[in-house]
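Listing of final.tsv; format and content: TSV, C-alpha atoms.
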chain	number	residue	atom	x	y	z
Q	12	MET	CA	80.90	196.38	86.92
Q	13	MET	CA	81.14	200.06	87.57
Q	14	GLN	CA	84.57	201.16	88.90
Q	15	ARG	CA	84.87	203.20	92.08
Q	16	PRO	CA	85.25	206.91	91.51
Q	17	MET	CA	88.84	208.07	91.99
Q	18	ALA	CA	87.89	210.20	94.99
Q	19	ALA	CA	86.42	207.18	96.78
Q	20	MET	CA	89.53	205.16	96.09
Q	21	LYS	CA	91.76	207.86	97.54
Q	22	ALA	CA	89.50	208.15	100.57
Q	23	VAL	CA	89.98	204.44	101.32
Q	24	VAL	CA	93.72	204.78	100.94
Q	25	LEU	CA	93.97	207.84	103.14
Q	26	SER	CA	91.64	206.39	105.78
Q	27	PHE	CA	93.78	203.30	106.10
Q	28	ALA	CA	96.95	205.39	106.00
Q	29	VAL	CA	95.82	207.41	108.99
Q	30	MET	CA	95.22	204.22	111.03
Q	31	LEU	CA	98.57	202.77	109.97
Q	32	VAL	CA	100.79	205.77	110.56
Q	33	MET	CA	99.44	206.40	114.06
Q	34	SER	CA	101.41	203.41	115.32
Q	35	MET	CA	104.58	204.21	113.35
Q	36	PRO	CA	107.61	206.39	114.12
Q	37	ALA	CA	107.34	209.87	112.61
Q	38	SER	CA	110.15	209.24	110.11
Q	39	VAL	CA	108.30	206.23	108.69
Q	40	ALA	CA	104.81	207.70	108.90
Q	41	GLN	CA	105.79	210.67	106.76
Q	42	THR	CA	106.12	208.54	103.64
Q	43	THR	CA	103.64	205.74	104.41
Q	44	VAL	CA	100.86	207.71	102.73
Q	45	ASP	CA	103.02	207.98	99.62
Q	46	PHE	CA	103.49	204.20	99.66
Q	47	LEU	CA	99.77	203.49	100.01
Q	48	THR	CA	98.74	205.97	97.35
Q	49	SER	CA	101.13	204.23	94.98
Q	50	LEU	CA	99.09	201.02	95.26
Q	51	SER	CA	96.03	200.00	93.29
Q	52	ASP	CA	92.68	199.82	95.05
Q	53	ALA	CA	92.91	196.01	95.22
Q	54	GLU	CA	96.47	196.17	96.62
Q	55	VAL	CA	95.39	198.59	99.34
Q	56	GLY	CA	92.65	196.20	100.40
Q	57	ALA	CA	95.05	193.23	100.44
Q	58	PHE	CA	97.66	195.21	102.36
Q	59	GLN	CA	95.08	196.39	104.90
Q	60	GLU	CA	93.87	192.83	105.48
Q	61	TRP	CA	97.43	191.54	105.88
Q	62	ARG	CA	98.53	194.33	108.17
Q	63	THR	CA	95.48	193.98	110.41
Q	64	SER	CA	96.04	190.24	110.68
Q	65	ARG	CA	99.74	190.66	111.38
Q	66	ARG	CA	99.03	193.18	114.12
Q	67	ALA	CA	96.62	190.77	115.80
Q	68	TYR	CA	99.23	188.00	115.57
Q	69	GLU	CA	101.95	190.21	117.03
Q	70	GLN	CA	99.71	191.05	119.98
Q	71	LYS	CA	99.21	187.32	120.63
Q	72	LEU	CA	102.97	186.80	120.36
Q	73	ASP	CA	103.67	189.61	122.82
Q	74	ALA	CA	101.15	188.12	125.25
Q	75	TYR	CA	102.81	184.71	124.92
Q	76	TRP	CA	106.28	186.06	125.74
Q	77	GLU	CA	104.91	188.11	128.62
Q	78	LYS	CA	103.56	184.89	130.06
Q	79	VAL	CA	106.95	183.21	129.55
Q	80	ASP	CA	108.68	186.06	131.37
Q	81	GLY	CA	106.17	185.81	134.21
Q	82	LYS	CA	106.80	182.08	134.63
Q	83	ARG	CA	110.55	182.71	134.59
Q	84	ALA	CA	110.22	185.27	137.36
Q	85	GLY	CA	108.21	182.76	139.36
Q	86	ARG	CA	110.91	180.12	138.94
Q	87	ARG	CA	113.55	182.52	140.19
Q	88	LYS	CA	111.62	182.88	143.44
Q	89	LYS	CA	111.20	179.11	143.74
Q	90	ARG	CA	114.89	178.56	143.04
Q	91	ALA	CA	115.85	181.01	145.77
Q	92	ALA	CA	113.56	179.14	148.16
Q	93	GLN	CA	114.94	175.78	146.92
Q	94	VAL	CA	111.49	174.61	145.84
Q	95	PRO	CA	111.48	172.03	143.01
Q	96	PHE	CA	109.85	172.97	139.71
Q	97	ASP	CA	106.96	171.18	138.05
Q	98	THR	CA	105.28	171.66	134.68
Q	99	SER	CA	103.02	174.38	136.11
Q	100	ASP	CA	106.12	176.57	136.36
Q	101	TYR	CA	106.48	176.64	132.58
Q	102	VAL	CA	104.50	177.73	129.55
Q	103	MET	CA	103.90	174.31	128.03
Q	104	THR	CA	102.88	175.48	124.56
Q	105	LEU	CA	104.96	176.76	121.66
Q	106	PRO	CA	104.62	180.37	120.48
Q	107	PRO	CA	101.63	181.11	118.25
Q	108	THR	CA	102.32	180.87	114.53
Q	109	TYR	CA	101.03	183.26	111.90
Q	110	ASP	CA	98.32	181.64	109.78
Q	111	GLY	CA	96.62	184.71	108.33
Q	112	PRO	CA	96.64	186.15	104.81
Q	113	LYS	CA	99.92	186.72	103.02
Q	114	LEU	CA	100.98	189.45	100.65
Q	115	SER	CA	101.24	188.51	97.00
Q	116	PRO	CA	104.85	188.27	95.74
Q	117	ALA	CA	104.44	191.51	93.81
Q	118	LEU	CA	102.99	193.43	96.75
Q	119	ALA	CA	105.54	191.96	99.15
Q	120	LYS	CA	108.30	193.14	96.83
Q	121	LYS	CA	106.86	196.67	96.78
Q	122	TYR	CA	106.64	196.71	100.58
Q	123	GLU	CA	110.20	195.43	100.97
Q	124	LYS	CA	111.38	198.16	98.60
Q	125	PHE	CA	109.53	200.75	100.67
Q	126	LEU	CA	111.10	199.49	103.93
Q	127	ALA	CA	114.56	199.46	102.34
Q	128	ALA	CA	114.08	203.06	101.26
Q	129	GLN	CA	113.11	203.94	104.84
Q	130	ASP	CA	116.32	202.36	106.13
Q	131	ARG	CA	118.38	204.37	103.66
Q	132	SER	CA	116.65	207.64	104.53
Q	133	ASP	CA	116.97	207.06	108.28
Q	134	PRO	CA	120.20	205.10	108.72
Q	135	LYS	CA	120.91	203.71	112.16
Q	136	PRO	CA	124.47	203.88	113.43
Q	137	THR	CA	126.10	200.48	113.28
Q	138	LYS	CA	128.97	199.25	115.37
Q	139	ASP	CA	131.23	196.70	113.77
Q	140	MET	CA	131.91	193.55	115.78
Q	141	ALA	CA	135.49	193.34	117.03
Q	142	THR	CA	137.63	190.84	115.11
Q	143	VAL	CA	140.57	188.65	116.08
Q	144	ALA	CA	142.85	191.29	114.60
Q	145	ASP	CA	141.26	193.88	116.90
Q	146	TYR	CA	141.79	191.71	119.98
Q	147	LEU	CA	145.42	191.08	119.05
Q	148	ALA	CA	146.15	194.73	118.33
Q	149	THR	CA	144.52	195.84	121.58
Q	150	ALA	CA	146.41	193.25	123.64
Q	151	LYS	CA	149.67	194.49	122.15
Q	152	ARG	CA	148.82	198.16	122.73
Q	153	VAL	CA	147.41	197.86	126.26
Q	154	TYR	CA	149.46	195.01	127.73
Q	155	ASN	CA	152.37	194.62	125.32
Q	156	PHE	CA	151.14	191.04	124.92
Q	157	THR	CA	151.35	189.02	121.72
Q	158	PRO	CA	149.95	185.47	121.95
Q	159	GLU	CA	152.35	182.68	121.10
Q	160	ARG	CA	150.91	180.65	118.27
Q	161	VAL	CA	151.52	176.92	118.02
Q	162	SER	CA	150.29	174.38	115.48
Q	163	GLU	CA	146.72	173.10	115.65
Q	164	LYS	CA	147.99	169.64	116.52
Q	165	GLU	CA	150.10	170.99	119.38
Q	166	PHE	CA	147.29	173.24	120.66
Q	167	LYS	CA	144.95	170.24	120.76
Q	168	ARG	CA	147.54	168.17	122.60
Q	169	ARG	CA	148.01	170.87	125.22
Q	170	TYR	CA	144.25	171.31	125.52
Q	171	ALA	CA	143.83	167.56	126.03
Q	172	ARG	CA	146.52	167.55	128.68
Q	173	GLU	CA	144.90	170.40	130.60
Q	174	ALA	CA	141.42	168.91	130.25
Q	175	MET	CA	142.44	165.51	131.55
Q	176	ARG	CA	144.31	167.09	134.46
Q	177	LEU	CA	141.10	168.91	135.39
Q	178	GLY	CA	139.00	165.74	135.25
Q	179	LEU	CA	137.31	166.35	131.91
Q	180	SER	CA	136.81	163.42	129.56
Q	181	LYS	CA	137.74	162.99	125.93
Q	182	ASP	CA	134.08	162.50	125.03
Q	183	GLN	CA	133.00	165.73	126.73
Q	184	VAL	CA	135.67	167.96	125.22
Q	185	VAL	CA	135.75	166.55	121.70
Q	186	ARG	CA	131.98	166.52	121.31
Q	187	ILE	CA	131.72	170.13	122.52
Q	188	TYR	CA	134.44	171.09	120.05
Q	189	ALA	CA	132.58	169.25	117.30
Q	190	LEU	CA	129.33	171.06	118.05
Q	191	GLU	CA	130.77	174.52	118.63
Q	192	THR	CA	133.05	174.57	115.58
Q	193	GLY	CA	131.47	172.02	113.25
Q	194	GLY	CA	134.50	169.81	113.82
Q	195	ILE	CA	136.79	172.01	111.73
Q	196	GLY	CA	137.50	174.86	114.15
Q	197	THR	CA	140.92	176.37	114.71
Q	198	PHE	CA	142.23	177.74	118.00
Q	199	ASP	CA	141.80	181.31	116.68
Q	200	MET	CA	138.36	180.70	115.15
Q	201	GLN	CA	135.80	183.46	115.73
Q	202	ALA	CA	132.05	182.84	115.46
Q	203	GLY	CA	130.83	183.80	112.00
Q	204	ILE	CA	134.21	183.36	110.30
Q	205	HIS	CA	134.85	180.11	108.42
Q	206	PRO	CA	137.97	178.72	110.12
Q	207	ILE	CA	139.48	177.35	106.91
Q	208	LYS	CA	138.26	179.70	104.18
Q	209	LYS	CA	138.42	182.77	106.47
Q	210	THR	CA	135.24	184.06	104.84
Q	211	GLY	CA	132.24	185.62	106.56
Q	212	ARG	CA	132.00	188.26	109.25
Q	213	PRO	CA	131.98	188.04	113.06
Q	214	ILE	CA	128.60	187.41	114.64
Q	215	SER	CA	129.86	187.37	118.23
Q	216	SER	CA	133.06	187.59	120.24
Q	217	ALA	CA	133.23	183.78	120.68
Q	218	LEU	CA	136.76	182.43	120.15
Q	219	GLY	CA	138.49	179.08	120.04
Q	220	TYR	CA	137.56	175.44	120.42
Q	221	ALA	CA	135.06	176.09	123.22
Q	222	GLN	CA	133.94	179.42	121.71
Q	223	LEU	CA	134.46	181.58	124.81
Q	224	LEU	CA	132.82	185.00	124.74
Q	225	ASP	CA	134.88	188.05	125.64
Q	226	ALA	CA	133.09	188.24	129.00
Q	227	ASN	CA	133.89	184.54	129.62
Q	228	SER	CA	137.60	185.35	129.28
Q	229	VAL	CA	137.28	188.17	131.80
Q	230	ASN	CA	135.26	185.96	134.15
Q	231	GLU	CA	137.72	183.06	134.07
Q	232	LEU	CA	140.76	185.32	134.53
Q	233	TYR	CA	139.02	186.90	137.53
Q	234	LYS	CA	138.70	183.47	139.13
Q	235	ALA	CA	141.89	181.74	137.96
Q	236	GLY	CA	144.43	184.50	137.30
Q	237	PRO	CA	146.82	183.34	140.05
Q	238	ASP	CA	146.66	179.79	138.67
Q	239	PHE	CA	147.76	181.04	135.26
Q	240	VAL	CA	150.65	182.93	136.82
Q	241	ARG	CA	151.77	179.93	138.91
Q	242	ARG	CA	151.64	177.68	135.85
Q	243	LEU	CA	153.81	180.04	133.81
Q	244	GLU	CA	156.24	180.56	136.71
Q	245	ALA	CA	156.69	176.80	137.00
Q	246	MET	CA	157.41	176.60	133.27
Q	247	ALA	CA	159.94	179.44	133.52
Q	248	ALA	CA	161.67	177.75	136.48
Q	249	ASN	CA	162.31	174.59	134.48
Q	250	PRO	CA	166.12	174.37	134.11
Q	251	ASN	CA	165.73	172.78	130.68
Q	252	VAL	CA	164.09	175.80	128.99
Q	253	THR	CA	166.19	178.13	126.91
Q	254	ALA	CA	166.94	181.70	127.94
Q	255	GLN	CA	164.75	182.91	125.08
Q	256	ARG	CA	161.83	180.75	126.18
Q	257	ARG	CA	162.25	181.88	129.80
Q	258	ALA	CA	162.16	185.53	128.74
Q	259	GLN	CA	159.04	184.85	126.68
Q	260	LEU	CA	157.29	183.24	129.67
Q	261	LYS	CA	158.26	186.10	131.97
Q	262	GLY	CA	156.74	188.52	129.47
Q	263	LYS	CA	153.48	186.58	129.60
Q	264	ILE	CA	153.56	186.55	133.39
Q	265	SER	CA	153.95	190.31	133.48
Q	266	ALA	CA	151.05	190.82	131.04
Q	267	ILE	CA	148.72	188.45	132.90
Q	268	LYS	CA	149.46	190.08	136.23
Q	269	ARG	CA	148.42	193.44	134.78
Q	270	MET	CA	145.30	191.91	133.21
Q	271	TYR	CA	144.38	190.21	136.48
Q	272	ALA	CA	144.87	193.40	138.50
Q	273	ASN	CA	142.55	195.22	136.09
Q	274	VAL	CA	139.72	192.67	136.10
Q	275	ARG	CA	139.76	192.53	139.90
Q	276	LYS	CA	138.93	196.22	139.99
Q	277	ILE	CA	135.39	195.58	138.75
Q	278	PRO	CA	132.65	193.79	140.73
Q	279	TYR	CA	132.23	190.07	140.12
Q	280	GLU	CA	128.96	190.54	138.26
Q	281	TRP	CA	128.24	189.15	134.81
Q	282	SER	CA	126.74	192.39	133.48
Q	283	ARG	CA	129.77	194.37	134.65
Q	284	GLN	CA	132.13	191.84	133.11
Q	285	GLN	CA	130.22	192.00	129.84
Q	286	ALA	CA	130.63	195.77	129.74
Q	287	TYR	CA	134.31	195.60	130.76
Q	288	ALA	CA	135.02	193.06	128.01
Q	289	LYS	CA	134.18	195.74	125.41
Q	290	THR	CA	136.79	198.15	126.77
Q	291	PRO	CA	140.41	198.10	125.51
Q	292	GLU	CA	141.56	196.50	128.77
Q	293	GLY	CA	138.92	193.76	128.47
Q	294	MET	CA	139.54	193.15	124.77
Q	295	GLY	CA	143.21	192.56	125.51
Q	296	VAL	CA	142.26	189.81	127.96
Q	297	HIS	CA	140.29	187.96	125.26
Q	298	ALA	CA	143.49	187.50	123.23
Q	299	LEU	CA	144.68	184.98	125.86
Q	300	ASN	CA	142.56	182.33	124.11
Q	301	ILE	CA	144.99	182.27	121.20
Q	302	ASP	CA	148.16	181.79	123.24
Q	303	GLY	CA	149.61	178.28	123.17
Q	304	ASP	CA	150.40	178.27	126.89
Q	305	ILE	CA	147.29	180.01	128.22
Q	306	GLY	CA	144.51	179.34	125.68
Q	307	PRO	CA	144.17	175.59	126.32
Q	308	LEU	CA	144.05	176.10	130.08
Q	309	LEU	CA	141.65	179.04	129.86
Q	310	GLN	CA	139.14	177.13	127.74
Q	311	ALA	CA	139.48	173.89	129.71
Q	312	ILE	CA	138.84	175.78	132.96
Q	313	LYS	CA	135.64	177.19	131.47
Q	314	LEU	CA	134.38	173.65	130.78
Q	315	LYS	CA	135.58	172.49	134.22
Q	316	GLY	CA	133.34	175.16	135.73
Q	317	LEU	CA	130.33	173.53	134.06
Q	318	LYS	CA	131.34	170.15	135.44
Q	319	ASP	CA	131.78	171.54	138.96
Q	320	THR	CA	128.36	173.21	138.84
Q	321	ALA	CA	126.73	169.95	137.82
Q	322	ASP	CA	128.65	167.96	140.45
Q	323	LYS	CA	127.26	170.19	143.20
Q	324	VAL	CA	123.70	169.12	142.39
Q	325	GLY	CA	124.57	165.47	141.96
Q	326	ARG	CA	124.76	165.36	138.17
Q	327	THR	CA	128.11	163.65	137.72
Q	328	ASN	CA	129.49	162.10	134.54
Q	329	LEU	CA	127.83	164.58	132.19
Q	330	SER	CA	127.70	163.56	128.56
Q	331	GLY	CA	129.14	165.90	125.96
Q	332	ALA	CA	125.64	166.97	124.96
Q	333	GLU	CA	124.60	167.65	128.56
Q	334	MET	CA	127.69	169.76	129.14
Q	335	GLU	CA	127.05	171.63	125.89
Q	336	LEU	CA	123.45	172.25	126.96
Q	337	MET	CA	124.86	174.08	130.00
Q	338	ASN	CA	127.38	175.88	127.80
Q	339	LEU	CA	124.70	176.97	125.33
Q	340	SER	CA	122.00	178.17	127.71
Q	341	GLY	CA	123.96	178.92	130.86
Q	342	PRO	CA	124.94	176.44	133.62
Q	343	ALA	CA	121.84	176.78	135.82
Q	344	THR	CA	119.44	176.86	132.86
Q	345	GLY	CA	121.07	173.82	131.26
Q	346	LEU	CA	120.67	171.85	134.48
Q	347	GLU	CA	117.05	172.99	134.70
Q	348	MET	CA	116.38	171.59	131.23
Q	349	MET	CA	117.69	168.21	132.38
Q	350	GLN	CA	115.10	167.98	135.16
Q	351	PRO	CA	111.87	166.03	134.47
Q	352	ALA	CA	109.72	169.16	134.13
Q	353	GLY	CA	112.35	171.01	132.14
Q	354	ARG	CA	112.75	168.16	129.68
Q	355	LYS	CA	109.06	168.49	128.79
Q	356	ALA	CA	108.99	172.31	128.62
Q	357	PRO	CA	109.40	174.18	125.31
Q	358	THR	CA	112.77	175.88	124.89
Q	359	THR	CA	111.06	179.29	124.89
Q	360	ASN	CA	111.10	178.96	128.67
Q	361	PHE	CA	114.89	178.90	128.73
Q	362	PHE	CA	115.97	181.59	126.25
Q	363	ALA	CA	115.28	185.28	125.89
Q	364	ARG	CA	112.85	186.09	123.10
Q	365	ARG	CA	115.46	187.40	120.67
Q	366	ALA	CA	117.92	184.59	121.45
Q	367	TYR	CA	115.21	182.00	120.81
Q	368	TYR	CA	114.59	183.19	117.27
Q	369	VAL	CA	118.26	183.87	116.47
Q	370	ASN	CA	119.38	180.37	117.47
Q	371	LYS	CA	117.56	178.29	114.88
Q	372	MET	CA	118.63	175.05	116.53
Q	373	VAL	CA	116.36	175.57	119.56
Q	374	ILE	CA	113.17	176.62	117.77
Q	375	GLY	CA	110.16	174.34	118.22
Q	376	LEU	CA	111.85	171.94	120.66
Q	377	ASP	CA	111.47	171.04	124.30
Q	378	GLY	CA	114.35	170.42	126.71
Q	379	ALA	CA	114.63	166.74	125.81
Q	380	GLY	CA	114.38	167.53	122.11
Q	381	LEU	CA	117.20	170.08	122.30
Q	382	LEU	CA	119.44	167.61	124.11
Q	383	ALA	CA	118.72	165.03	121.41
Q	384	GLU	CA	119.43	167.60	118.68
Q	385	LEU	CA	122.79	168.42	120.25
Q	386	ASP	CA	123.68	164.73	120.30
Q	387	ARG	CA	122.58	164.32	116.68
Q	388	ARG	CA	124.77	167.18	115.52
Q	389	MET	CA	127.68	165.98	117.58
Q	390	ASP	CA	127.41	162.47	116.15
Q	391	SER	CA	127.90	163.95	112.69
Q	392	ALA	CA	130.61	166.49	113.52
Q	393	VAL	CA	132.89	164.12	115.49
Q	394	LYS	CA	133.67	162.37	112.21
Q	395	THR	CA	135.36	165.42	110.71
Q	396	PRO	CA	139.18	165.66	110.45
Q	397	GLY	CA	139.45	168.31	113.18
Q	398	SER	CA	137.49	166.23	115.66
Q	399	VAL	CA	139.41	163.08	114.80
Q	400	GLU	CA	142.69	164.95	115.34
Q	401	PHE	CA	141.43	166.22	118.70
Q	402	ALA	CA	140.42	162.70	119.77
Q	403	SER	CA	143.87	161.46	118.76
Q	404	ALA	CA	145.43	164.17	120.95
Q	405	PHE	CA	143.59	162.75	123.97
Q	406	ASP	CA	144.77	159.25	123.06
Q	407	ALA	CA	148.37	160.49	122.82
Q	408	VAL	CA	148.20	162.22	126.20
Q	409	LEU	CA	146.68	159.12	127.77
Q	410	ALA	CA	149.51	157.03	126.32
Q	411	GLU	CA	152.05	159.44	127.85
Q	412	ARG	CA	150.52	158.83	131.26

Please go through the file and, once you have read it, give me the structure as structure tokens.
Amino acid sequence: MMQRPMAAMKAVVLSFAVMLVMSMPASVAQTTVDFLTSLSDAEVGAFQEWRTSRRAYEQKLDAYWEKVDGKRAGRRKKRAAQVPFDTSDYVMTLPPTYDGPKLSPALAKKYEKFLAAQDRSDPKPTKDMATVADYLATAKRVYNFTPERVSEKEFKRRYAREAMRLGLSKDQVVRIYALETGGIGTFDMQAGIHPIKKTGRPISSALGYAQLLDANSVNELYKAGPDFVRRLEAMAANPNVTAQRRAQLKGKISAIKRMYANVRKIPYEWSRQQAYAKTPEGMGVHALNIDGDIGPLLQAIKLKGLKDTADKVGRTNLSGAEMELMNLSGPATGLEMMQPAGRKAPTTNFFARRAYYVNKMVIGLDGAGLLAELDRRMDSAVKTPGSVEFASAFDAVLAER
């Protein structure tokens, strides 16, 4: 067979390059031609076929998520009007999957190398996630607050005591702990860091047994700051505490009063609290989760808020998985997934596009399937030593009563 003349080959490459670079940022487009001209004639054809197919798939995917967003907006209006949802309020299909041609391993490797080179030539500024050490240092600098650390066993006992006082059950709290931390979490555990090996890197601000986000800490202090102060004042007034312990408690009271005064200066809006949580003043608040006197109460109050929300709509006696569903997706969204229509709807209806693909646990499921998956994971994780110790803490507190 007669080979194509070199000029014809280059013409094909350049023709495709023009089409490809038109949809790319200038920094990428500048070297795309170089990448394509480095390929053989057969590789250019394969790449063109793959890229065309991928673009068509991505358009379908965009259309799918636009439809999801439209349905979500419609449900917001119905919710405001207190109109029940039915299956017509959801996209009842899963996202389209890519079933077109794939790049050969060799060509895929070349393309990955090209993209990596682009990243190196046009680096994007990255912002490191704050660590536990950052929260502690900021709390000390801004509020002169250093959390009091207790043993894991004692922290669990105090957590159990607070949870039971607030009407939470052993099953609810322990199963949420098991799911959120894999059953091995420590009270200072941060998402992304192995609690025992201390390896990994932070993937979010989530801390502790219930994995509260930095904005959760700000939100709960906004609502319950005076309760924290009253609790500490009662502890300090106990005639049996030592002078050293009383001074320590008074120091905490002073710090929390300053924290509370600060958080009350911002509007009670989730987006504003999220932004505030990234400031030095907000980061200092997040360190409360680690304190042996405040952390257990702070995290138990967060879970109590889920219970109260469910009680208001008649969903009492939530299981651990049902409470975690509200914790994972947001209280209102979790309750929505428990409704008949929501149980049948794919989880794409309940998570933002990026969150759906980041949280591998929710992919490809409907509301009922996600609830079952939570239960399955909890069933496994409650058998771990950390979960067993937490369950024993509840038993000990119950025996005290």

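Take the candidates Q:Val102, Q:Ala404, Q:Ile204, Q:Ile305 and check each one against Thr359 in chain Q using all atoms listed in the file; the shortest distance goes to Q:Val102.
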
Taking only residues of range 258-371 of chain Q that have an atom at most 10 Å from an atom of range 197-201 of chain Q, what is each one's shortest atom pair and its distance in Å to one decimal, using all atoms listed in the file, in chain and number order, as a tab-separated table?
residue	atom	partner	partner_atom	distance
Q:Ala298	CA	Q:Asp199	CA	9.2
Q:Asn300	CA	Q:Asp199	CA	7.5
Q:Ile301	CA	Q:Asp199	CA	5.6
Q:Asp302	CA	Q:Phe198	CA	8.9
Q:Gly303	CA	Q:Phe198	CA	9.0
Q:Gly306	CA	Q:Phe198	CA	8.2
Q:Pro307	CA	Q:Phe198	CA	8.8

Item to complete: Can you work out which one of Q:Glu231, Q:Glu69, Q:Glu244, Q:Asp80 has the shortest atom-to-atom distance to Tyr109 in chain Q, counting only C-alpha atoms?
Response: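 Smallest separation from Tyr109 in chain Q among the options: Q:Glu69.
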
Fill in: Separation of CA of Gly316 in chain Q from CA of Pro342 in chain Q in Å
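Taking CA of Pro342 in chain Q and CA of Gly316 in chain Q, their separation equals 8.8 Å.
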
Practice prompt. Name the closest residue to Met337 in chain Q among the candidates Q:Lys323, Q:Lys318, Q:Arg241, Q:Arg90; distances are taken between atoms, counting all atoms listed in the file.
Written response: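 Closest to Met337 in chain Q of all the choices is Q:Lys318.
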
Discussion item. Distance cut-off 8 Å, centre (139.7, 166.6, 119.3) in file coordinates, counting all atoms listed in the file: which residues qualify? Return them as JSON, numbers by chain.
Written reply: {"Q": [167, 171, 181, 184, 185, 186, 188, 189, 397, 398, 399, 400, 401, 402, 403, 404, 405]}

Worksheet entry | Minimum-distance residue to Pro107 in chain Q, chosen among Q:Asp73, Q:Pro213, Q:Ala148, Q:Ala127 (using all atoms listed in the file) |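 Using all atoms listed in the file, the shortest distance to Pro107 in chain Q belongs to Q:Asp73.
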
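Within 7 Å of the point (146.0, 165.4, 126.9) in file coordinates, and counting all atoms listed in the file, lie the residues Arg168, Arg169, Tyr170, Ala171, Arg172, Glu173, Ala174, Met175, Ala404, Phe405, Ala407, Val408 and Leu409 of chain Q.
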
Mind dumping the selected residues with C-alpha atoms as an mmCIF file, in the coordinates of the input?
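As written to disk, result_26.cif reads:
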data_model
loop_
_atom_site.group_PDB
_atom_site.id
_atom_site.type_symbol
_atom_site.label_atom_id
_atom_site.label_comp_id
_atom_site.auth_asym_id
_atom_site.auth_seq_id
_atom_site.Cartn_x
_atom_site.Cartn_y
_atom_site.Cartn_z
ATOM 1 C CA ARG Q 168 147.540 168.170 122.600
ATOM 2 C CA ARG Q 169 148.010 170.870 125.220
ATOM 3 C CA TYR Q 170 144.250 171.310 125.520
ATOM 4 C CA ALA Q 171 143.830 167.560 126.030
ATOM 5 C CA ARG Q 172 146.520 167.550 128.680
ATOM 6 C CA GLU Q 173 144.900 170.400 130.600
ATOM 7 C CA ALA Q 174 141.420 168.910 130.250
ATOM 8 C CA MET Q 175 142.440 165.510 131.550
ATOM 9 C CA ALA Q 404 145.430 164.170 120.950
ATOM 10 C CA PHE Q 405 143.590 162.750 123.970
ATOM 11 C CA ALA Q 407 148.370 160.490 122.820
ATOM 12 C CA VAL Q 408 148.200 162.220 126.200
ATOM 13 C CA LEU Q 409 146.680 159.120 127.770
#

Worksheet item: Tyr75 in chain Q: which residues within 7 Å, counting all atoms listed in the file, same-chain residues fewer than 4 positions away excluded, as a VMD selection string?
Response: chain Q and resid 71 79 106

Fill in: Thr358 in chain Q surroundings by only C-alpha atoms, 9 Å radius, close-in-sequence under 5 positions cut, as a list in words
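That gives Leu105, Met348, Gly353, Tyr367, Val373, Ile374, Gly375, Leu376, Asp377, Gly378, Gly380 and Leu381 of chain Q.
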
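Shortest separation to Gly178 in chain Q among Q:Ala67, Q:Ile195, Q:Leu50, Q:Ile312 occurs at residue Q:Ile312, atoms counted being only C-alpha atoms.
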
Worksheet item: Looking at all atoms listed in the file, which of Q:Asp225, Q:Asp406, Q:Glu347, Q:Asp304 is the one that sits closest to Phe96 in chain Q?
Response: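 Using all atoms listed in the file, Phe96 in chain Q sits closest to Q:Glu347.
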
Item to complete: For CA of Ser180 in chain Q and CA of Ala383 in chain Q, quote the distance in Å rounded to one decimal.
Response: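 It comes out at 19.9 Å.
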
Practice prompt. For CA of Gly331 in chain Q and CA of Asp182 in chain Q, determine how far apart the two atoms are, in Å to one decimal place.
Written response: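 Separation of CA of Gly331 in chain Q and CA of Asp182 in chain Q: 6.1 Å.
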
Exercise on range 192-206 of chain Q, axis-aligned box with 6 Å per side, report centre and edge lengths in Å to one decimal, as AutoDock Vina command-line options:
--center_x 136.5 --center_y 176.8 --center_z 113.2 --size_x 23.4 --size_y 26.0 --size_z 21.6

For range 385-388 of chain Q, list every protein, DNA or RNA residue within 7 Å, evaluated using only C-alpha atoms, and leave out those in the same chain fewer than 4 positions away; present the list as an mmCIF file with C-alpha atoms, in the frame of the given file.
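Generated output (around-v8.cif):
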data_model
loop_
_atom_site.group_PDB
_atom_site.id
_atom_site.type_symbol
_atom_site.label_atom_id
_atom_site.label_comp_id
_atom_site.auth_asym_id
_atom_site.auth_seq_id
_atom_site.Cartn_x
_atom_site.Cartn_y
_atom_site.Cartn_z
ATOM 1 C CA LEU Q 190 129.330 171.060 118.050
ATOM 2 C CA ALA Q 332 125.640 166.970 124.960
ATOM 3 C CA LEU Q 381 117.200 170.080 122.300
ATOM 4 C CA ALA Q 392 130.610 166.490 113.520
#

Practice prompt. Within 9 Å of Gly345 in chain Q, counting all atoms listed in the file, which residues show up once you throw out same-chain ones fewer than 4 positions away? Write them as a list in words, please.
Written response: Glu333, Met334, Glu335, Leu336, Met337, Asn338, Leu339, Ser340, Gly341, Met349, Phe361 and Gly378 of chain Q
